[in-house]
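Pasted below: start.cif, mmCIF, C-alpha atoms and all ligand atoms.
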data_input
loop_
_atom_site.label_atom_id
_atom_site.label_comp_id
_atom_site.auth_asym_id
_atom_site.auth_seq_id
_atom_site.Cartn_x
_atom_site.Cartn_y
_atom_site.Cartn_z
CA MET A 1 -92.44 80.08 115.08
CA SER A 2 -92.61 76.43 116.06
CA ASN A 3 -90.75 76.62 119.36
CA ILE A 4 -93.10 79.10 121.00
CA ILE A 5 -94.50 77.85 124.27
CA THR A 6 -98.28 77.70 124.33
CA SER A 7 -100.68 78.79 127.04
CA THR A 8 -101.04 75.13 128.00
CA ASP A 9 -97.30 74.99 128.62
CA ILE A 10 -97.50 78.19 130.64
CA ASN A 11 -100.23 76.83 132.84
CA ALA A 12 -98.27 73.61 133.18
CA ALA A 13 -95.20 75.64 134.16
CA LEU A 14 -97.15 77.43 136.85
CA GLY A 15 -98.81 74.24 137.96
CA ASN A 16 -95.57 72.29 138.16
CA ASN A 17 -93.23 74.92 139.44
CA ALA A 18 -95.32 77.47 141.21
CA GLY A 19 -98.25 75.46 142.43
CA ASN A 20 -98.40 77.33 145.73
CA GLU A 21 -98.58 80.77 144.18
CA VAL A 22 -101.77 82.78 144.42
CA PRO A 23 -102.65 84.35 141.06
CA ILE A 24 -103.55 88.04 141.10
CA VAL A 25 -103.69 88.76 137.36
CA ASN A 26 -104.97 86.22 134.87
CA ILE A 27 -104.66 87.21 131.22
CA ARG A 28 -106.47 85.09 128.65
CA ASN A 29 -106.24 85.24 124.88
CA LEU A 30 -105.25 88.90 124.90
CA ASN A 31 -104.72 90.42 121.48
CA VAL A 32 -103.83 94.03 120.77
CA ARG A 33 -103.97 95.36 117.24
CA SER A 34 -103.33 98.73 115.67
CA LYS A 35 -104.44 99.52 112.12
CA SER A 36 -101.21 98.20 110.68
CA ALA A 37 -99.85 95.73 113.27
CA HIS A 38 -100.76 92.84 115.52
CA ILE A 39 -98.90 94.10 118.61
CA LEU A 40 -99.79 91.45 121.21
CA LYS A 41 -100.66 87.98 119.98
CA ASP A 42 -102.79 85.67 122.03
CA ILE A 43 -101.19 86.42 125.40
CA ASN A 44 -102.01 83.94 128.17
CA LEU A 45 -100.36 84.70 131.47
CA ILE A 46 -100.85 84.25 135.17
CA ILE A 47 -99.10 86.74 137.47
CA PRO A 48 -98.58 85.47 141.02
CA LYS A 49 -99.35 87.67 144.01
CA ASN A 50 -96.58 89.20 146.15
CA LYS A 51 -93.88 88.28 143.66
CA ILE A 52 -91.80 90.22 141.20
CA THR A 53 -92.59 89.22 137.62
CA VAL A 54 -90.16 90.65 135.08
CA LEU A 55 -91.09 91.21 131.44
CA LEU A 56 -88.04 90.73 129.25
CA GLY A 57 -87.52 90.91 125.51
CA PRO A 58 -86.00 92.93 122.69
CA SER A 59 -87.10 96.48 121.95
CA GLY A 60 -90.53 96.66 120.32
CA CYS A 61 -91.68 93.18 121.39
CA GLY A 62 -94.69 94.56 123.30
CA LYS A 63 -93.63 94.75 126.97
CA THR A 64 -94.86 98.30 127.58
CA THR A 65 -98.09 97.62 125.70
CA LEU A 66 -98.74 94.60 127.91
CA LEU A 67 -98.14 96.74 131.00
CA LYS A 68 -100.45 99.47 129.66
CA CYS A 69 -103.23 96.93 129.06
CA MET A 70 -103.16 96.04 132.75
CA ASN A 71 -104.27 99.49 133.91
CA ARG A 72 -106.13 100.30 130.70
CA LEU A 73 -103.75 103.09 129.72
CA THR A 74 -104.37 101.64 126.26
CA ASP A 75 -107.74 103.47 126.41
CA LEU A 76 -105.77 106.64 125.67
CA TYR A 77 -104.85 105.31 122.22
CA SER A 78 -108.00 105.04 120.12
CA GLU A 79 -106.07 103.26 117.38
CA LEU A 80 -105.46 100.24 119.64
CA LYS A 81 -108.06 97.47 119.65
CA LEU A 82 -108.02 94.90 122.44
CA ASP A 83 -109.75 91.57 122.79
CA GLY A 84 -109.47 88.80 125.35
CA SER A 85 -109.67 89.22 129.11
CA ILE A 86 -107.54 90.47 131.98
CA GLU A 87 -108.87 89.32 135.30
CA ILE A 88 -107.63 91.09 138.38
CA ASP A 89 -108.89 89.59 141.62
CA GLY A 90 -111.25 87.56 139.46
CA GLU A 91 -112.87 90.50 137.63
CA ASP A 92 -112.32 91.25 133.95
CA ILE A 93 -111.01 94.81 133.70
CA LEU A 94 -111.47 94.88 129.94
CA SER A 95 -115.21 94.50 130.29
CA GLY A 96 -116.99 97.83 129.78
CA LYS A 97 -118.62 97.55 133.18
CA TYR A 98 -115.40 98.00 135.09
CA ASP A 99 -114.71 101.42 136.60
CA ILE A 100 -111.41 102.75 135.32
CA THR A 101 -110.67 104.78 138.47
CA GLN A 102 -111.01 101.61 140.50
CA ILE A 103 -108.52 99.85 138.19
CA ARG A 104 -106.00 102.67 138.44
CA GLN A 105 -106.30 102.65 142.24
CA LYS A 106 -105.29 99.02 142.27
CA MET A 107 -102.20 99.79 140.23
CA GLY A 108 -99.29 102.06 141.03
CA LEU A 109 -97.41 103.05 137.90
CA VAL A 110 -93.70 103.87 137.87
CA MET A 111 -92.44 105.14 134.52
CA GLN A 112 -88.95 105.47 133.02
CA ARG A 113 -88.68 109.11 134.04
CA PRO A 114 -90.17 110.45 137.23
CA PHE A 115 -92.93 113.04 136.87
CA PRO A 116 -93.35 114.74 140.23
CA LEU A 117 -96.36 117.06 140.30
CA PRO A 118 -95.42 120.77 140.30
CA MET A 119 -96.00 121.13 144.04
CA SER A 120 -94.16 120.43 147.29
CA ILE A 121 -92.73 117.06 148.32
CA TYR A 122 -95.45 116.82 150.99
CA ASP A 123 -98.27 117.68 148.59
CA ASN A 124 -97.10 115.12 146.04
CA ILE A 125 -97.90 112.35 148.52
CA ALA A 126 -100.95 114.12 149.97
CA TYR A 127 -102.36 114.31 146.44
CA GLY A 128 -102.46 110.51 146.17
CA LEU A 129 -104.17 110.31 149.55
CA LYS A 130 -106.76 112.94 148.63
CA LEU A 131 -107.52 110.95 145.48
CA LYS A 132 -108.39 108.12 147.80
CA GLY A 133 -110.70 110.40 149.74
CA VAL A 134 -108.49 110.92 152.82
CA THR A 135 -109.16 114.43 154.18
CA ASN A 136 -108.12 114.24 157.85
CA LYS A 137 -104.93 116.33 158.15
CA ALA A 138 -103.41 114.25 160.95
CA ILE A 139 -103.88 111.04 158.95
CA ILE A 140 -102.43 112.69 155.83
CA LYS A 141 -99.37 113.81 157.83
CA GLU A 142 -98.89 110.34 159.27
CA LYS A 143 -99.24 108.66 155.88
CA VAL A 144 -96.91 111.09 154.12
CA GLU A 145 -94.23 110.09 156.63
CA LYS A 146 -95.06 106.39 156.34
CA HIS A 147 -94.82 106.30 152.53
CA LEU A 148 -91.66 108.43 152.40
CA LYS A 149 -90.09 105.99 154.88
CA GLU A 150 -91.32 103.07 152.78
CA VAL A 151 -89.18 104.27 149.87
CA ALA A 152 -86.25 105.28 152.09
CA LEU A 153 -86.62 108.98 151.26
CA TRP A 154 -87.80 110.33 154.63
CA ASP A 155 -84.38 111.04 156.13
CA GLU A 156 -83.30 112.93 153.02
CA VAL A 157 -86.36 115.19 152.82
CA LYS A 158 -87.91 115.45 156.28
CA ASP A 159 -86.54 118.96 156.83
CA ARG A 160 -87.76 120.32 153.49
CA LEU A 161 -91.15 118.75 152.96
CA LYS A 162 -92.71 122.03 151.87
CA THR A 163 -90.14 122.71 149.14
CA SER A 164 -90.71 121.92 145.48
CA ALA A 165 -90.48 118.27 144.52
CA GLN A 166 -88.88 119.33 141.26
CA ARG A 167 -85.72 120.39 143.13
CA LEU A 168 -85.01 116.81 144.15
CA SER A 169 -82.44 114.74 142.27
CA ILE A 170 -83.82 112.42 139.58
CA GLY A 171 -83.22 109.39 141.84
CA GLN A 172 -85.06 111.08 144.70
CA GLN A 173 -87.88 112.11 142.35
CA GLN A 174 -88.27 108.49 141.26
CA ARG A 175 -88.55 107.38 144.88
CA LEU A 176 -91.04 110.20 145.52
CA CYS A 177 -93.16 109.04 142.57
CA LEU A 178 -93.04 105.50 143.92
CA ALA A 179 -94.19 106.84 147.32
CA ARG A 180 -96.99 108.80 145.64
CA GLY A 181 -98.11 105.61 143.91
CA LEU A 182 -97.98 103.67 147.18
CA ALA A 183 -100.10 106.32 148.93
CA VAL A 184 -103.05 105.20 146.82
CA GLU A 185 -102.49 101.76 148.41
CA PRO A 186 -102.40 99.77 145.19
CA GLU A 187 -102.26 95.99 145.06
CA ILE A 188 -99.97 95.95 142.06
CA ILE A 189 -97.02 98.11 141.06
CA LEU A 190 -96.42 98.36 137.32
CA ALA A 191 -92.89 99.56 136.67
CA ASP A 192 -91.64 100.37 133.18
CA GLU A 193 -87.83 100.55 133.18
CA PRO A 194 -87.96 102.51 136.45
CA THR A 195 -84.20 102.86 136.77
CA SER A 196 -83.31 103.73 133.17
CA ALA A 197 -82.83 107.44 133.96
CA LEU A 198 -80.98 106.84 137.23
CA ASP A 199 -77.33 106.61 138.24
CA PRO A 200 -76.13 103.20 139.51
CA ILE A 201 -76.48 104.08 143.20
CA SER A 202 -80.04 105.42 142.84
CA SER A 203 -80.88 102.39 140.71
CA ARG A 204 -79.73 100.08 143.49
CA VAL A 205 -81.85 102.00 146.01
CA ILE A 206 -84.96 101.55 143.84
CA GLU A 207 -84.11 97.87 143.34
CA GLU A 208 -83.79 97.37 147.09
CA GLU A 209 -87.13 99.09 147.58
CA PHE A 210 -88.76 96.72 145.12
CA SER A 211 -87.34 93.71 146.94
CA ASN A 212 -88.73 95.06 150.22
CA LEU A 213 -92.11 96.02 148.78
CA LYS A 214 -92.98 92.60 147.42
CA ASP A 215 -94.11 91.45 150.87
CA ASP A 216 -97.05 93.82 150.52
CA TYR A 217 -97.41 94.34 146.77
CA THR A 218 -97.24 92.45 143.50
CA ILE A 219 -94.65 93.97 141.18
CA ILE A 220 -94.61 93.69 137.40
CA LEU A 221 -91.39 95.11 136.07
CA VAL A 222 -90.16 95.82 132.55
CA THR A 223 -86.40 96.06 132.34
CA HIS A 224 -83.69 95.85 129.71
CA ILE A 225 -81.06 95.26 132.34
CA LEU A 226 -80.46 91.55 132.52
CA ARG A 227 -78.47 91.74 135.74
CA GLN A 228 -81.32 93.67 137.34
CA ALA A 229 -83.79 91.03 136.17
CA LYS A 230 -81.58 88.33 137.70
CA ARG A 231 -81.34 90.20 140.99
CA LEU A 232 -85.05 90.88 141.29
CA ALA A 233 -87.20 88.44 139.35
CA ASP A 234 -89.18 85.62 140.92
CA PHE A 235 -90.85 84.92 137.58
CA VAL A 236 -89.81 85.90 134.07
CA VAL A 237 -91.90 86.43 130.95
CA PHE A 238 -89.77 86.49 127.80
CA MET A 239 -91.49 88.13 124.83
CA TYR A 240 -90.60 88.27 121.16
CA TYR A 241 -92.57 90.00 118.40
CA GLY A 242 -95.72 90.29 120.49
CA GLU A 243 -95.74 86.72 121.76
CA ILE A 244 -94.76 85.07 125.00
CA VAL A 245 -91.94 82.74 124.10
CA GLU A 246 -91.06 81.46 127.56
CA TYR A 247 -92.51 81.95 131.02
CA GLY A 248 -91.54 80.46 134.35
CA PRO A 249 -89.66 80.79 137.62
CA ALA A 250 -86.60 83.02 137.19
CA ASN A 251 -83.99 80.39 138.02
CA GLU A 252 -85.37 78.06 135.34
CA ILE A 253 -85.57 80.77 132.70
CA PHE A 254 -82.02 81.95 133.38
CA GLU A 255 -80.38 78.59 133.98
CA ASN A 256 -82.30 76.43 131.57
CA PRO A 257 -83.67 78.49 128.67
CA LYS A 258 -85.51 76.26 126.21
CA THR A 259 -85.68 78.31 123.05
CA ASP A 260 -82.81 79.46 120.84
CA ILE A 261 -84.18 83.03 120.88
CA LEU A 262 -83.99 83.25 124.66
CA LYS A 263 -80.56 81.56 124.75
CA GLU A 264 -79.26 84.15 122.32
CA TYR A 265 -80.92 87.02 124.23
CA LEU A 266 -79.31 85.88 127.49
CA GLN A 267 -75.89 85.51 125.84
CA VAL A 268 -75.94 88.92 124.18
CA GLY A 269 -77.14 90.53 127.41
CA HIS A 270 -74.08 89.36 129.35
N1 LIG B 1 -100.40 103.43 120.08
C1 LIG B 1 -99.76 102.66 119.20
N2 LIG B 1 -100.11 102.65 117.90
C2 LIG B 1 -99.48 101.87 117.00
N3 LIG B 1 -98.46 101.07 117.30
C3 LIG B 1 -98.04 101.02 118.58
C4 LIG B 1 -98.67 101.81 119.60
N4 LIG B 1 -98.06 101.56 120.78
C5 LIG B 1 -97.10 100.66 120.52
N5 LIG B 1 -97.08 100.33 119.20
C6 LIG B 1 -96.16 99.38 118.55
O1 LIG B 1 -96.24 98.16 119.23
C7 LIG B 1 -94.97 97.53 119.28
C8 LIG B 1 -94.61 97.21 120.72
O2 LIG B 1 -94.32 98.43 121.40
P1 LIG B 1 -93.95 98.45 122.95
O3 LIG B 1 -93.67 99.86 123.33
O4 LIG B 1 -94.97 97.72 123.69
O5 LIG B 1 -92.60 97.59 122.94
P2 LIG B 1 -91.50 97.36 124.08
O6 LIG B 1 -91.20 95.92 124.10
O7 LIG B 1 -91.97 97.97 125.35
O8 LIG B 1 -90.29 98.18 123.49
P3 LIG B 1 -89.08 98.97 124.24
O9 LIG B 1 -88.32 97.91 124.98
O10 LIG B 1 -88.32 99.56 123.13
O11 LIG B 1 -89.70 99.99 125.16
C9 LIG B 1 -93.99 98.47 118.59
O12 LIG B 1 -93.80 98.05 117.27
C10 LIG B 1 -94.70 99.81 118.64
O13 LIG B 1 -94.33 100.61 117.57
#

Before anything else, please render the file you have as structure tokens.
Amino acid sequence: MSNIITSTDINAALGNNAGNEVPIVNIRNLNVRSKSAHILKDINLIIPKNKITVLLGPSGCGKTTLLKCMNRLTDLYSELKLDGSIEIDGEDILSGKYDITQIRQKMGLVMQRPFPLPMSIYDNIAYGLKLKGVTNKAIIKEKVEKHLKEVALWDEVKDRLKTSAQRLSIGQQQRLCLARGLAVEPEIILADEPTSALDPISSRVIEEEFSNLKDDYTIILVTHILRQAKRLADFVVFMYYGEIVEYGPANEIFENPKTDILKEYLQVGH
């Protein structure tokens, strides 16, 4: 495809339009292959800190795979072969030396469907804290409250903290899972279509939380909902068949798309 924007263009885009941003993730020449397919093709991408970067693109273009590379969930799939580098805070997480637990602690993962642990609301958050080595009961109690407030769930559950998390509504479960992820105090939140199983009101609540959280966290969000991308994105990565086709500040991507593929995607999405 001749109109694909190269890594040089991407760096130029960041340099010209986002020169003040602090990079937190720096992906260089990332390729992911399975036995039969070249899933991600020479990905070069800089993700700025404390911003929301949205990954957009048609189904099967590689968005989830890119997200999975960033916390090495790809390790679970022996058929996937990765090369290139993903630097987080300047360290290459794809190098064998890097401790996978340390990577996962830097990343909170929010999936399409919430998976609360089969325990109480309280213990779901306490679990994340214990993973971090927090054992003091008073601190756990204080942090459970803090993280439930952070996702605007506290008022809804404060009188039933010891009841099963699985009795919460799906929207509440998604906020609980977000709180559980935040309890590990990650730097980055990876969110894969986090509102796809939610009703419109719960979706808006999660969206609002993401907007609030970006002061303290970097958010990388996969969504198929164009309006959601427009509401939330600071930066947009548009992917097509495993390649990055366009990347830049959200207003430029949405108002001045350069490639025909992106123009068409934006038109169909309306
Ligand atoms: N473990 C795997 N083994 C082989 N192929 C895979 C594997 N994981 C993903 N793929 C393939 O890689 C391509 C990209 O998949 P991916 O899930 O990243 O796309 P996506 O853009 O997130 O799609 P969607 O929007 O539908 O969720 C698809 O063709 C998929 O079948």

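Residue nearest ligand LIG 1 (chain B), chosen from A:His38, A:Arg160, A:Lys146, A:Lys97 and counting only C-alpha atoms and all ligand atoms: A:His38.
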
Using only C-alpha atoms and all ligand atoms, find each residue of chain A with at least one atom at most 12 Å away from an atom of ligand LIG 1 (chain B); report its shortest atom-to-atom pair and that distance in Å (one decimal), sort the rows by chain and rising residue number, and return the result as a tab-separated table.
residue	atom	partner	partner_atom	distance
A:Asn31	CA	B:LIG1	O1	11.7
A:Val32	CA	B:LIG1	O1	8.8
A:Arg33	CA	B:LIG1	C2	7.9
A:Ser34	CA	B:LIG1	C2	5.1
A:Lys35	CA	B:LIG1	C2	7.3
A:Ser36	CA	B:LIG1	C2	7.5
A:Ala37	CA	B:LIG1	N3	6.8
A:His38	CA	B:LIG1	O1	7.9
A:Ile39	CA	B:LIG1	O1	4.9
A:Leu40	CA	B:LIG1	C8	7.8
A:Lys41	CA	B:LIG1	C8	11.1
A:Leu55	CA	B:LIG1	O6	8.7
A:Leu56	CA	B:LIG1	O6	8.0
A:Gly57	CA	B:LIG1	O6	6.4
A:Pro58	CA	B:LIG1	O9	6.0
A:Ser59	CA	B:LIG1	O10	3.5
A:Gly60	CA	B:LIG1	O5	3.5
A:Cys61	CA	B:LIG1	O6	3.9
A:Gly62	CA	B:LIG1	O4	3.2
A:Lys63	CA	B:LIG1	O6	3.9
A:Thr64	CA	B:LIG1	O7	3.7
A:Thr65	CA	B:LIG1	O4	3.7
A:Leu66	CA	B:LIG1	O4	6.5
A:Leu67	CA	B:LIG1	O4	8.0
A:Lys68	CA	B:LIG1	O4	8.3
A:Cys69	CA	B:LIG1	O4	9.9
A:Leu73	CA	B:LIG1	N1	10.2
A:Thr74	CA	B:LIG1	N1	7.6
A:Asp75	CA	B:LIG1	N1	9.7
A:Leu76	CA	B:LIG1	N1	8.4
A:Tyr77	CA	B:LIG1	N1	5.3
A:Ser78	CA	B:LIG1	N1	7.8
A:Glu79	CA	B:LIG1	N2	6.0
A:Leu80	CA	B:LIG1	N1	6.0
A:Lys81	CA	B:LIG1	N2	9.6
A:Leu82	CA	B:LIG1	N1	11.7
A:Met111	CA	B:LIG1	O11	11.0
A:Gln112	CA	B:LIG1	O11	9.6
A:Ala191	CA	B:LIG1	O7	11.5
A:Asp192	CA	B:LIG1	O7	8.2
A:Glu193	CA	B:LIG1	O11	8.3
A:Pro194	CA	B:LIG1	O11	11.7
A:Ser196	CA	B:LIG1	O11	10.9
A:Leu221	CA	B:LIG1	O7	11.1
A:Val222	CA	B:LIG1	O7	7.7
A:Thr223	CA	B:LIG1	O9	7.8
A:His224	CA	B:LIG1	O9	6.9
A:Ile225	CA	B:LIG1	O9	10.7
A:Val237	CA	B:LIG1	O6	11.7
A:Phe238	CA	B:LIG1	O6	10.2
A:Met239	CA	B:LIG1	O6	7.8
A:Tyr240	CA	B:LIG1	O6	8.2
A:Tyr241	CA	B:LIG1	C8	7.8
A:Gly242	CA	B:LIG1	C8	7.0
A:Glu243	CA	B:LIG1	O6	10.5
A:Ile244	CA	B:LIG1	O6	11.5

So which residues touch Gly171 of chain A within 9 Å, counting only C-alpha atoms, skipping near sequence neighbours fewer than 5 positions away, as a PyMOL selection string?
chain A and resi 114+176+195+197-199+201-203+205-206

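Ranking A:Pro186, A:Pro23, A:Gly84, A:Pro48 by their shortest atom-to-atom distance to Thr101 of chain A, with all atoms listed in the file included, puts A:Pro186 first.
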
Neighbour list for Ala233 of chain A as a ChimeraX atom specification, cut-off 6 Å, only C-alpha atoms, skip fewer than 3 positions in-chain
/A:52-54,229-230,250

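Every protein or nucleic acid residue with an atom no more than 12 Å from Glu145 of chain A, counting all atoms listed in the file and leaving out same-chain residues fewer than 3 positions away, appears here: Ile121, Tyr122, Asp123, Ile125, Ala126, Ala138, Ile139, Ile140, Lys141, Glu142, Leu148, Lys149, Glu150, Val151, Ala152, Leu153, Trp154, Asp155, Glu156, Val157, Lys158, Asp159, Leu161, Leu176, Ala179, Arg180 and Ala183 of chain A.
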
File of the preceding selection, C-alpha atoms, as an mmCIF file, keeping the file's coordinate frame:
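File out_23.cif, as written:
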data_model
loop_
_atom_site.group_PDB
_atom_site.id
_atom_site.type_symbol
_atom_site.label_atom_id
_atom_site.label_comp_id
_atom_site.auth_asym_id
_atom_site.auth_seq_id
_atom_site.Cartn_x
_atom_site.Cartn_y
_atom_site.Cartn_z
ATOM 1 C CA ILE A 121 -92.730 117.060 148.320
ATOM 2 C CA TYR A 122 -95.450 116.820 150.990
ATOM 3 C CA ASP A 123 -98.270 117.680 148.590
ATOM 4 C CA ILE A 125 -97.900 112.350 148.520
ATOM 5 C CA ALA A 126 -100.950 114.120 149.970
ATOM 6 C CA ALA A 138 -103.410 114.250 160.950
ATOM 7 C CA ILE A 139 -103.880 111.040 158.950
ATOM 8 C CA ILE A 140 -102.430 112.690 155.830
ATOM 9 C CA LYS A 141 -99.370 113.810 157.830
ATOM 10 C CA GLU A 142 -98.890 110.340 159.270
ATOM 11 C CA LEU A 148 -91.660 108.430 152.400
ATOM 12 C CA LYS A 149 -90.090 105.990 154.880
ATOM 13 C CA GLU A 150 -91.320 103.070 152.780
ATOM 14 C CA VAL A 151 -89.180 104.270 149.870
ATOM 15 C CA ALA A 152 -86.250 105.280 152.090
ATOM 16 C CA LEU A 153 -86.620 108.980 151.260
ATOM 17 C CA TRP A 154 -87.800 110.330 154.630
ATOM 18 C CA ASP A 155 -84.380 111.040 156.130
ATOM 19 C CA GLU A 156 -83.300 112.930 153.020
ATOM 20 C CA VAL A 157 -86.360 115.190 152.820
ATOM 21 C CA LYS A 158 -87.910 115.450 156.280
ATOM 22 C CA ASP A 159 -86.540 118.960 156.830
ATOM 23 C CA LEU A 161 -91.150 118.750 152.960
ATOM 24 C CA LEU A 176 -91.040 110.200 145.520
ATOM 25 C CA ALA A 179 -94.190 106.840 147.320
ATOM 26 C CA ARG A 180 -96.990 108.800 145.640
ATOM 27 C CA ALA A 183 -100.100 106.320 148.930
#

Using the partial input, fill out segment 161-173 of chain A with N, CA and C atoms; write the result as a JSON list (two decimals), in the frame of the given file.
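What follows is the written file result_14.json:
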[["chain", "number", "residue", "atom", "x", "y", "z"],
["A", 161, "LEU", "N", -89.93, 119.34, 153.55],
["A", 161, "LEU", "CA", -91.15, 118.75, 152.96],
["A", 161, "LEU", "C", -91.98, 119.75, 152.17],
["A", 162, "LYS", "N", -91.86, 121.04, 152.53],
["A", 162, "LYS", "CA", -92.71, 122.03, 151.87],
["A", 162, "LYS", "C", -92.03, 122.66, 150.65],
["A", 163, "THR", "N", -90.82, 122.17, 150.32],
["A", 163, "THR", "CA", -90.14, 122.71, 149.14],
["A", 163, "THR", "C", -90.55, 121.92, 147.90],
["A", 164, "SER", "N", -90.24, 122.51, 146.74],
["A", 164, "SER", "CA", -90.71, 121.92, 145.48],
["A", 164, "SER", "C", -90.09, 120.54, 145.23],
["A", 165, "ALA", "N", -90.94, 119.62, 144.83],
["A", 165, "ALA", "CA", -90.48, 118.27, 144.52],
["A", 165, "ALA", "C", -89.54, 118.28, 143.31],
["A", 166, "GLN", "N", -89.70, 119.31, 142.47],
["A", 166, "GLN", "CA", -88.88, 119.33, 141.26],
["A", 166, "GLN", "C", -87.42, 119.69, 141.53],
["A", 167, "ARG", "N", -87.12, 120.11, 142.78],
["A", 167, "ARG", "CA", -85.72, 120.39, 143.13],
["A", 167, "ARG", "C", -84.98, 119.15, 143.60],
["A", 168, "LEU", "N", -85.69, 118.05, 143.73],
["A", 168, "LEU", "CA", -85.01, 116.81, 144.15],
["A", 168, "LEU", "C", -84.19, 116.25, 142.99],
["A", 169, "SER", "N", -83.20, 115.40, 143.33],
["A", 169, "SER", "CA", -82.44, 114.74, 142.27],
["A", 169, "SER", "C", -83.37, 113.77, 141.55],
["A", 170, "ILE", "N", -82.95, 113.33, 140.36],
["A", 170, "ILE", "CA", -83.82, 112.42, 139.58],
["A", 170, "ILE", "C", -84.10, 111.13, 140.37],
["A", 171, "GLY", "N", -83.04, 110.62, 141.05],
["A", 171, "GLY", "CA", -83.22, 109.39, 141.84],
["A", 171, "GLY", "C", -84.22, 109.60, 142.98],
["A", 172, "GLN", "N", -84.11, 110.78, 143.62],
["A", 172, "GLN", "CA", -85.06, 111.08, 144.70],
["A", 172, "GLN", "C", -86.47, 111.26, 144.14],
["A", 173, "GLN", "N", -86.56, 111.92, 142.97],
["A", 173, "GLN", "CA", -87.88, 112.11, 142.35],
["A", 173, "GLN", "C", -88.53, 110.76, 142.04]]
